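*Asks:* Mind having a look at this structure? Questions to follow.
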Amino acid sequence: MIQKTLAFVIGVVVLQFQSALPPLLVIGALIPLLCAIGLFRRHAFIQTTLFLFTGFLWAAFHGHMTLSSELDQELQGIDLIVTGVIASLPDRASERTRFELKVESMTYQGESKSFPERLLVSWYKNAPLISAGEKWQFLVRLKRPHGLSNPGGYDYERTLYSKGIRATGYVRADGDNYRIAPAGTTHILNRLREEIGHKITQHVNDKSVSGIILALIIGDRSQISSSQWDLFRQTGTNHLMAISGLHIGIVSGLFFFVGQGVWRRFNSGCHILPAPQFAALTALFAGFVYAGLAGFATPCTRALIMLAVVMGSVLLKRRVQPFQSLATALFVIVVLDPVAVISAGFWLSFGAVFVILLGMQVQRSSGRRLIRDLIRMQWVVALGLAPILILLGFQVPLISPAVNIFMVPLFSLILVPLLFCAVLLLFVWPFAGASLINLAAWLISQVETLLSGAAAYNYNLPTLVEAPLWMSMGLLCAVLMFLLPSAIPGRRLALLLALPALFYKPVTLPAEAVRVTMLDVGQGLSVVVETAHHVLLYDAGPSFPSGFDTGKRVVIPFLSSRGIQHLDRVIVSNGDSDHRGGLGAVLDQFPGTSLISGEPERILVGNPTPCAAGQHWTWDGVDFELLHPENNHHWRGNNASCVVAIRNKSGQILLTGDIESEAEASLVKRYKEKLRSLVVTVPHHGSASSSGNAFIKLTQPEYGLISAGYLNRYRFPRDQVRQRWQEAQVALFNTAEAGAISFIIQPDGTIQGPWSHRISTKRYWMKSSS
């Protein structure tokens, strides 16, 4: 069973890495063929191979079904009337309310249209109070799923796909939006979650920790602040902020032992149903309720299935080996939801259970004390999951094992049961419930203080995002073999397999070579320039009132994925928010970095000095020169953008910021043929006010790079601008279509690239965003 389960899962995983799905006709033809082979060929190898292909085809069929309800391309960005039911807890912020909508109908100008089953909708400014389960009509504008695509960055499209969301959009505030019907009985669970959330918010005195309490009780993590998330990530405790297998297991375990102890007191009841079976039913009920409070989120559903497998063996009075139970749960989850394997949480959940079983199996007969076993368990989990976290590009704080030794018992054995009791009391004895919940809030505030102190001593292991696959697999095998029982000979020698990964460093550029990466930051700009031993950041992208900061979410993860631990200089081309928005986060990560700006008076962080034509420096044989603005002319706004020329023996790269026709004319007049470049960032995101014919003619680049947001409201780049560059035989690349774009220009004239991150990482579910 274990071997066949692994084969099936491998088949599912292989499918998820495909850029396109096999045709349904091929799937339909192959399934009967595989069944026939399976009936007549009983050899173990053939059976295992059949399970592998079956997993692949099952995942492909599931993918076709999921993608069958797509938003039509021509319906993007136009006014549509949709009716549907609020299918999630609304995420309320000061400027917007966001929720999932289960669509029942969609019309355009009175004509019914096919529609995705589930939408993610935002209502900006003056949104009324919306509750889960209510039926509404909205006037919306939608687009297909599309997220930023950068090395080391968050894959938003993958998250939407895993949740079955096939379009996102916003409510038109001036539209005919109204509630059709109140919440019905079909969404009673979400209504209960919402009611619990209201009571918690009402009774918690320390509002700064109410978001953590909501996360632990009803699985609503939207109210946890970004600074709190940063603290949890730095200390490796962010896994405690979700209702996951750990919390469900603890709660179910408590109910199991309490239920068993109580039932044994009723002799007559034990004759009808033995105490272990009653306790198993009690544990299942507790796990089901707790998972329900979290809205049956994917991690909770996984935990519930694993719990059902274990408790099912108790109910059926069958002794099942732990690894067999794990394999059964793995098989059931992947069959029910093949998309689960693209989630990092899936691998971390099963990985944690696997390494605990692997590393703790010798302890069952050792008789060691509980405290020592608990410490060893944290060590086993931290060591066993470290390779998985590194492979997935996550931070691995070295202080995490020490912190979790105390935090896991505190949260699981004290805080979660305490909050559970507090919530129950809020409905029957509000005073006692409020007292308990504020006691828990006080404990959480003390925990934050302790974590803040621990974070000061944190160091993260480097990621292996760009390392060869064999090196990553060697590290994983080394750790797993090291966790085997000590009686196995030679297991310590397995650590030799980890040496290449432990000493891995990203390949550095040779002298006089330069690497340029235009990051995908949406409607904004951020370019990273690397030489052999130096790094320049040109603009830091936008930030938004919602708290999304491309400096924190795009720039820093990219630098981390490249193994960059020091910035030599930051240039903020101008003072607009789409260029300076992420600067604060970048300077927090790299304090003391030299800062230059075309509008230093508009930069509110750091100590910027003015950008002035004529400034120049050389790094590793690569020359940098500032061409604009000149000192004797007081430029403002877009035309004050700092223009940078980067040169090696092969040619020039020109970073232009937001300059418009006046600044272009000044550059043409002052530099003439010196503007000739290999690569040019198209000025002002492709605005019609830039990219004049004279500027294009003198720069004559081979490649033009455009940084623009997907379906942005300015409609950048403008069609006439595209046409002018293309008529000059310039190959254009737009981050909205290509994601992050990278080049390496060698000193011998070789241009390596361009590399499009979106194209190189394309998966079958991404086809709808093109």
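To be explicit about the labels: the chains of the structure tokens are called A, B, and onward in the order shown, and within each one the residues are counted from 1, while ligands get numbers from 1 in the order they are shown.
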Do a neighbour search on Met306 of chain A at 12 Å with only C-alpha atoms, toss out local chain neighbours closer than 4 positions, and write the hits as number ranges by chain.

*Replies:* A: 244-246, 248-249, 252, 284, 287-288, 299-302, 310-313, 322-333, 349-350, 353

*Asks:* Using N, CA and C atoms, can you export the residues from the last selection as a JSON list (two decimals), in the first residue's frame?

*Replies:*
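File produced: out.json:
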[["chain", "number", "residue", "atom", "x", "y", "z"],
["A", 244, "SER", "N", -4.24, 24.05, 12.55],
["A", 244, "SER", "CA", -3.62, 23.04, 11.70],
["A", 244, "SER", "C", -3.71, 21.68, 12.37],
["A", 245, "GLY", "N", -2.95, 20.73, 11.81],
["A", 245, "GLY", "CA", -2.96, 19.39, 12.37],
["A", 245, "GLY", "C", -2.51, 19.36, 13.81],
["A", 246, "LEU", "N", -1.56, 20.24, 14.16],
["A", 246, "LEU", "CA", -1.06, 20.29, 15.53],
["A", 246, "LEU", "C", -2.18, 20.61, 16.50],
["A", 248, "ILE", "N", -5.52, 20.70, 16.00],
["A", 248, "ILE", "CA", -6.63, 19.74, 15.94],
["A", 248, "ILE", "C", -6.25, 18.44, 16.63],
["A", 249, "GLY", "N", -4.99, 18.02, 16.46],
["A", 249, "GLY", "CA", -4.54, 16.80, 17.13],
["A", 249, "GLY", "C", -4.55, 16.94, 18.64],
["A", 252, "SER", "N", -8.27, 17.12, 19.84],
["A", 252, "SER", "CA", -8.89, 15.79, 19.71],
["A", 252, "SER", "C", -8.31, 14.83, 20.74],
["A", 284, "LEU", "N", -13.21, 12.44, 17.24],
["A", 284, "LEU", "CA", -13.63, 12.80, 15.89],
["A", 284, "LEU", "C", -14.59, 13.98, 15.91],
["A", 287, "GLY", "N", -12.60, 17.11, 16.71],
["A", 287, "GLY", "CA", -11.81, 17.52, 15.56],
["A", 287, "GLY", "C", -12.67, 18.12, 14.47],
["A", 288, "PHE", "N", -13.87, 17.53, 14.26],
["A", 288, "PHE", "CA", -14.79, 18.04, 13.24],
["A", 288, "PHE", "C", -15.26, 19.45, 13.60],
["A", 299, "PRO", "N", -5.71, 22.96, 5.31],
["A", 299, "PRO", "CA", -4.89, 22.28, 6.33],
["A", 299, "PRO", "C", -5.74, 21.54, 7.36],
["A", 300, "CYS", "N", -6.89, 22.12, 7.71],
["A", 300, "CYS", "CA", -7.77, 21.47, 8.70],
["A", 300, "CYS", "C", -8.40, 20.21, 8.12],
["A", 301, "THR", "N", -8.77, 20.28, 6.86],
["A", 301, "THR", "CA", -9.36, 19.10, 6.23],
["A", 301, "THR", "C", -8.34, 17.96, 6.17],
["A", 302, "ARG", "N", -7.08, 18.31, 5.83],
["A", 302, "ARG", "CA", -6.02, 17.29, 5.84],
["A", 302, "ARG", "C", -5.89, 16.66, 7.23],
["A", 310, "VAL", "N", -6.76, 7.43, 11.81],
["A", 310, "VAL", "CA", -6.27, 6.89, 13.08],
["A", 310, "VAL", "C", -7.43, 6.42, 13.96],
["A", 311, "MET", "N", -8.46, 7.27, 14.12],
["A", 311, "MET", "CA", -9.60, 6.91, 14.97],
["A", 311, "MET", "C", -10.44, 5.80, 14.35],
["A", 312, "GLY", "N", -10.42, 5.72, 13.01],
["A", 312, "GLY", "CA", -11.13, 4.62, 12.35],
["A", 312, "GLY", "C", -10.55, 3.27, 12.73],
["A", 313, "SER", "N", -9.23, 3.21, 12.86],
["A", 313, "SER", "CA", -8.61, 1.95, 13.27],
["A", 313, "SER", "C", -9.00, 1.58, 14.70],
["A", 322, "PRO", "N", 1.87, 2.90, 12.18],
["A", 322, "PRO", "CA", 1.83, 4.36, 11.97],
["A", 322, "PRO", "C", 2.10, 4.78, 10.53],
["A", 323, "PHE", "N", 3.12, 4.18, 9.91],
["A", 323, "PHE", "CA", 3.43, 4.58, 8.53],
["A", 323, "PHE", "C", 2.30, 4.17, 7.57],
["A", 324, "GLN", "N", 1.61, 3.06, 7.90],
["A", 324, "GLN", "CA", 0.48, 2.64, 7.09],
["A", 324, "GLN", "C", -0.66, 3.66, 7.21],
["A", 325, "SER", "N", -0.91, 4.13, 8.42],
["A", 325, "SER", "CA", -1.94, 5.16, 8.63],
["A", 325, "SER", "C", -1.60, 6.43, 7.87],
["A", 326, "LEU", "N", -0.33, 6.81, 7.91],
["A", 326, "LEU", "CA", 0.10, 8.02, 7.20],
["A", 326, "LEU", "C", -0.10, 7.86, 5.70],
["A", 327, "ALA", "N", 0.25, 6.69, 5.18],
["A", 327, "ALA", "CA", 0.09, 6.45, 3.74],
["A", 327, "ALA", "C", -1.39, 6.46, 3.34],
["A", 328, "THR", "N", -2.25, 5.88, 4.18],
["A", 328, "THR", "CA", -3.69, 5.88, 3.88],
["A", 328, "THR", "C", -4.24, 7.30, 3.84],
["A", 329, "ALA", "N", -3.87, 8.10, 4.85],
["A", 329, "ALA", "CA", -4.32, 9.50, 4.87],
["A", 329, "ALA", "C", -3.80, 10.26, 3.66],
["A", 330, "LEU", "N", -2.55, 10.02, 3.30],
["A", 330, "LEU", "CA", -1.95, 10.68, 2.13],
["A", 330, "LEU", "C", -2.72, 10.32, 0.87],
["A", 331, "PHE", "N", -3.04, 9.06, 0.70],
["A", 331, "PHE", "CA", -3.75, 8.61, -0.50],
["A", 331, "PHE", "C", -5.14, 9.23, -0.57],
["A", 332, "VAL", "N", -5.87, 9.20, 0.53],
["A", 332, "VAL", "CA", -7.24, 9.75, 0.54],
["A", 332, "VAL", "C", -7.23, 11.24, 0.21],
["A", 333, "ILE", "N", -6.31, 11.99, 0.81],
["A", 333, "ILE", "CA", -6.26, 13.44, 0.59],
["A", 333, "ILE", "C", -5.93, 13.76, -0.86],
["A", 349, "SER", "N", 3.00, 19.49, 6.47],
["A", 349, "SER", "CA", 2.15, 18.69, 7.37],
["A", 349, "SER", "C", 2.57, 17.22, 7.37],
["A", 350, "PHE", "N", 2.64, 16.64, 6.18],
["A", 350, "PHE", "CA", 3.01, 15.23, 6.11],
["A", 350, "PHE", "C", 4.48, 15.03, 6.44],
["A", 353, "VAL", "N", 4.82, 14.87, 10.29],
["A", 353, "VAL", "CA", 4.40, 13.58, 10.85],
["A", 353, "VAL", "C", 5.41, 12.49, 10.50]]

*Asks:* Env of Ser577 of chain A: 12 Å cut, atoms = only C-alpha atoms, seq-sep filter 5 positions within chain, self excluded. Answer as a PyMOL selection string.

*Replies:* chain A and resi 523-526+539-545+549-551+572+582-584+599+602-604+637-638

*Asks:* Take the residues from that selection and write them out as a compact mmCIF listing (two decimals), in the first residue's frame, keeping N, CA, C and O atoms.

*Replies:*
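What ended up in again.txt:
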# COMPACT_ATOMS: atom_id res chain seq x y z
N GLN A 523 2.15 47.89 -11.31
CA GLN A 523 2.25 49.23 -11.85
C GLN A 523 3.26 50.04 -11.04
O GLN A 523 2.91 50.79 -10.14
N GLY A 524 4.51 49.85 -11.34
CA GLY A 524 5.61 50.50 -10.63
C GLY A 524 6.91 50.10 -11.30
O GLY A 524 6.91 49.64 -12.45
N LEU A 525 8.02 50.28 -10.60
CA LEU A 525 9.31 49.95 -11.20
C LEU A 525 10.29 49.51 -10.12
O LEU A 525 10.34 50.11 -9.03
N SER A 526 11.06 48.48 -10.42
CA SER A 526 12.18 48.06 -9.58
C SER A 526 13.12 47.22 -10.43
O SER A 526 12.69 46.25 -11.07
N ASP A 539 15.02 51.83 -7.88
CA ASP A 539 13.61 51.89 -7.49
C ASP A 539 13.19 50.65 -6.72
O ASP A 539 13.77 49.57 -6.89
N ALA A 540 12.19 50.83 -5.86
CA ALA A 540 11.78 49.76 -4.94
C ALA A 540 10.33 49.35 -5.10
O ALA A 540 9.79 48.62 -4.26
N GLY A 541 9.67 49.82 -6.18
CA GLY A 541 8.29 49.41 -6.40
C GLY A 541 7.31 50.12 -5.49
O GLY A 541 7.69 50.90 -4.62
N PRO A 542 6.01 49.85 -5.66
CA PRO A 542 4.97 50.54 -4.89
C PRO A 542 4.65 49.86 -3.57
O PRO A 542 5.04 48.73 -3.31
N SER A 543 3.92 50.59 -2.74
CA SER A 543 3.24 50.03 -1.57
C SER A 543 1.82 50.57 -1.58
O SER A 543 1.54 51.56 -2.25
N PHE A 544 0.94 49.92 -0.83
CA PHE A 544 -0.48 50.26 -0.90
C PHE A 544 -1.07 50.40 0.49
O PHE A 544 -0.54 49.84 1.47
N PRO A 545 -2.19 51.14 0.62
CA PRO A 545 -2.84 51.29 1.93
C PRO A 545 -3.24 49.97 2.57
O PRO A 545 -3.34 49.87 3.79
N ASP A 549 3.39 45.61 0.29
CA ASP A 549 4.60 46.38 0.08
C ASP A 549 5.53 45.56 -0.81
O ASP A 549 6.02 44.50 -0.41
N THR A 550 5.80 46.04 -2.05
CA THR A 550 6.62 45.25 -2.96
C THR A 550 8.08 45.20 -2.50
O THR A 550 8.81 44.28 -2.88
N GLY A 551 8.50 46.18 -1.70
CA GLY A 551 9.84 46.09 -1.14
C GLY A 551 9.98 44.85 -0.28
O GLY A 551 10.97 44.10 -0.36
N VAL A 572 16.46 55.93 -6.13
CA VAL A 572 15.02 56.09 -6.31
C VAL A 572 14.85 57.17 -7.37
O VAL A 572 15.16 58.34 -7.15
N GLY A 582 8.32 50.79 -1.73
CA GLY A 582 8.96 49.69 -1.02
C GLY A 582 10.29 50.05 -0.39
O GLY A 582 10.96 49.18 0.18
N LEU A 583 10.67 51.33 -0.46
CA LEU A 583 11.99 51.74 0.00
C LEU A 583 12.19 51.51 1.49
O LEU A 583 13.26 51.06 1.93
N GLY A 584 11.19 51.82 2.31
CA GLY A 584 11.33 51.68 3.76
C GLY A 584 11.69 50.26 4.15
O GLY A 584 12.58 50.03 4.99
N GLU A 599 14.43 63.19 -6.73
CA GLU A 599 13.61 64.09 -5.91
C GLU A 599 13.85 63.76 -4.44
O GLU A 599 12.96 63.22 -3.78
N ARG A 602 11.27 64.43 -1.59
CA ARG A 602 10.04 63.66 -1.47
C ARG A 602 10.28 62.27 -0.88
O ARG A 602 9.33 61.50 -0.71
N ILE A 603 11.51 61.96 -0.55
CA ILE A 603 11.85 60.67 0.03
C ILE A 603 11.87 60.83 1.54
O ILE A 603 12.69 61.57 2.09
N LEU A 604 10.97 60.14 2.22
CA LEU A 604 10.76 60.35 3.65
C LEU A 604 11.55 59.41 4.53
O LEU A 604 11.45 59.48 5.76
N GLY A 637 8.84 66.37 -10.82
CA GLY A 637 7.96 65.26 -11.17
C GLY A 637 8.66 64.19 -11.99
O GLY A 637 9.83 63.86 -11.75
N ASN A 638 7.94 63.64 -12.96
CA ASN A 638 8.48 62.55 -13.77
C ASN A 638 9.79 62.91 -14.44
O ASN A 638 10.71 62.09 -14.55

*Asks:* When DSSP works through the backbone of this structure, what residues of segment 554-672 of chain A end up as strand (DSSP E), shown as an MDAnalysis selection string?

*Replies:* chainID A and resid 569:572 594:597 609:610 616:619 622:628 643:648 651:655

*Asks:* Convert the current residue selection to file output with N, CA and C atoms, as a compact mmCIF listing (two decimals), in the first residue's frame.

*Replies:*
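Okay, result_9.txt is ready:
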# COMPACT_ATOMS: atom_id res chain seq x y z
N ARG A 569 24.09 50.31 -3.16
CA ARG A 569 23.48 51.61 -3.43
C ARG A 569 22.04 51.42 -3.87
N VAL A 570 21.19 52.36 -3.47
CA VAL A 570 19.81 52.41 -3.93
C VAL A 570 19.59 53.74 -4.63
N ILE A 571 19.03 53.69 -5.82
CA ILE A 571 18.62 54.90 -6.53
C ILE A 571 17.11 54.89 -6.65
N VAL A 572 16.46 55.93 -6.13
CA VAL A 572 15.02 56.09 -6.31
C VAL A 572 14.85 57.17 -7.37
N SER A 594 23.76 53.38 0.79
CA SER A 594 23.83 54.68 0.11
C SER A 594 22.56 54.91 -0.70
N LEU A 595 22.00 56.12 -0.62
CA LEU A 595 20.71 56.41 -1.24
C LEU A 595 20.80 57.68 -2.08
N ILE A 596 20.37 57.61 -3.33
CA ILE A 596 20.35 58.73 -4.27
C ILE A 596 18.95 58.83 -4.86
N SER A 597 18.47 60.05 -5.12
CA SER A 597 17.15 60.22 -5.73
C SER A 597 17.10 61.48 -6.58
N THR A 609 20.71 61.68 -1.16
CA THR A 609 21.43 62.79 -1.76
C THR A 609 20.91 62.99 -3.18
N PRO A 610 21.04 64.19 -3.72
CA PRO A 610 20.48 64.44 -5.06
C PRO A 610 21.20 63.66 -6.15
N HIS A 616 29.54 59.52 -11.39
CA HIS A 616 29.88 58.22 -11.97
C HIS A 616 30.74 57.42 -11.00
N TRP A 617 30.76 56.11 -11.19
CA TRP A 617 31.60 55.20 -10.40
C TRP A 617 31.78 53.91 -11.20
N THR A 618 32.73 53.10 -10.76
CA THR A 618 33.04 51.84 -11.43
C THR A 618 33.02 50.72 -10.41
N TRP A 619 32.28 49.64 -10.74
CA TRP A 619 32.25 48.44 -9.92
C TRP A 619 32.71 47.26 -10.75
N VAL A 622 32.71 47.52 -14.42
CA VAL A 622 31.46 48.02 -15.04
C VAL A 622 31.28 49.48 -14.63
N ASP A 623 31.09 50.36 -15.62
CA ASP A 623 30.97 51.80 -15.36
C ASP A 623 29.51 52.20 -15.20
N PHE A 624 29.26 53.07 -14.21
CA PHE A 624 27.93 53.62 -13.95
C PHE A 624 28.02 55.14 -14.07
N GLU A 625 27.09 55.74 -14.83
CA GLU A 625 27.08 57.20 -14.98
C GLU A 625 25.64 57.70 -14.90
N LEU A 626 25.43 58.78 -14.15
CA LEU A 626 24.13 59.43 -14.08
C LEU A 626 24.05 60.47 -15.17
N LEU A 627 23.06 60.36 -16.04
CA LEU A 627 22.92 61.25 -17.19
C LEU A 627 21.93 62.38 -16.97
N HIS A 628 21.04 62.22 -15.99
CA HIS A 628 19.94 63.17 -15.82
C HIS A 628 19.43 63.05 -14.38
N VAL A 643 18.33 59.21 -14.47
CA VAL A 643 18.62 58.32 -15.61
C VAL A 643 20.04 57.80 -15.45
N VAL A 644 20.20 56.47 -15.52
CA VAL A 644 21.48 55.81 -15.26
C VAL A 644 21.92 55.04 -16.49
N ALA A 645 23.16 55.25 -16.89
CA ALA A 645 23.78 54.46 -17.96
C ALA A 645 24.77 53.49 -17.33
N ILE A 646 24.66 52.21 -17.69
CA ILE A 646 25.52 51.15 -17.16
C ILE A 646 26.27 50.56 -18.34
N ARG A 647 27.61 50.59 -18.31
CA ARG A 647 28.39 50.21 -19.48
C ARG A 647 29.46 49.18 -19.13
N ASN A 648 29.60 48.20 -20.03
CA ASN A 648 30.80 47.36 -20.04
C ASN A 648 31.30 47.30 -21.48
N GLY A 651 28.53 47.01 -24.32
CA GLY A 651 27.55 48.03 -24.65
C GLY A 651 26.96 48.64 -23.40
N GLN A 652 25.76 49.21 -23.54
CA GLN A 652 25.16 50.05 -22.50
C GLN A 652 23.74 49.60 -22.17
N ILE A 653 23.42 49.74 -20.90
CA ILE A 653 22.05 49.55 -20.41
C ILE A 653 21.58 50.90 -19.90
N LEU A 654 20.38 51.31 -20.28
CA LEU A 654 19.87 52.64 -19.92
C LEU A 654 18.61 52.49 -19.07
N LEU A 655 18.69 52.97 -17.82
CA LEU A 655 17.55 52.97 -16.91
C LEU A 655 16.96 54.38 -16.91

*Asks:* Find the spatial neighbours of Pro417 of chain A, counting only C-alpha atoms, within a cut-off of 10 Å - ignore same-chain residues fewer than 2 positions away - and output them as a ChimeraX atom specification.

*Replies:* /A:217,247,250-251,254,411-415,419-423

*Asks:* Can you work out which one of A:Thr282, A:Ile356, A:Asn631, A:Leu536 has the shortest atom-to-atom distance to Thr593 of chain A, counting only C-alpha atoms?

*Replies:*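 Of A:Thr282, A:Ile356, A:Asn631, A:Leu536, the one nearest Thr593 of chain A, counting only C-alpha atoms, is A:Leu536.
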
*Asks:* Using only C-alpha atoms, I'd like a table of the residues in segment 365-484 of chain A that come within 10 Å of segment 555-558 of chain A; for each, show the closest atom pair and its distance in Å rounded to one decimal, ordered by chain and ascending number, as a tab-separated table.

*Replies:*
residue	atom	partner	partner_atom	distance
A:Gly393	CA	A:Pro557	CA	8.9
A:Phe394	CA	A:Pro557	CA	9.4
A:Gln395	CA	A:Pro557	CA	9.8

*Asks:* Which is closer to Ala501 of chain A than all the others in A:Leu391, A:Val529, A:Leu293, A:Val140, using only C-alpha atoms?

*Replies:*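 Under the stated criterion, the closest residue is A:Leu391.
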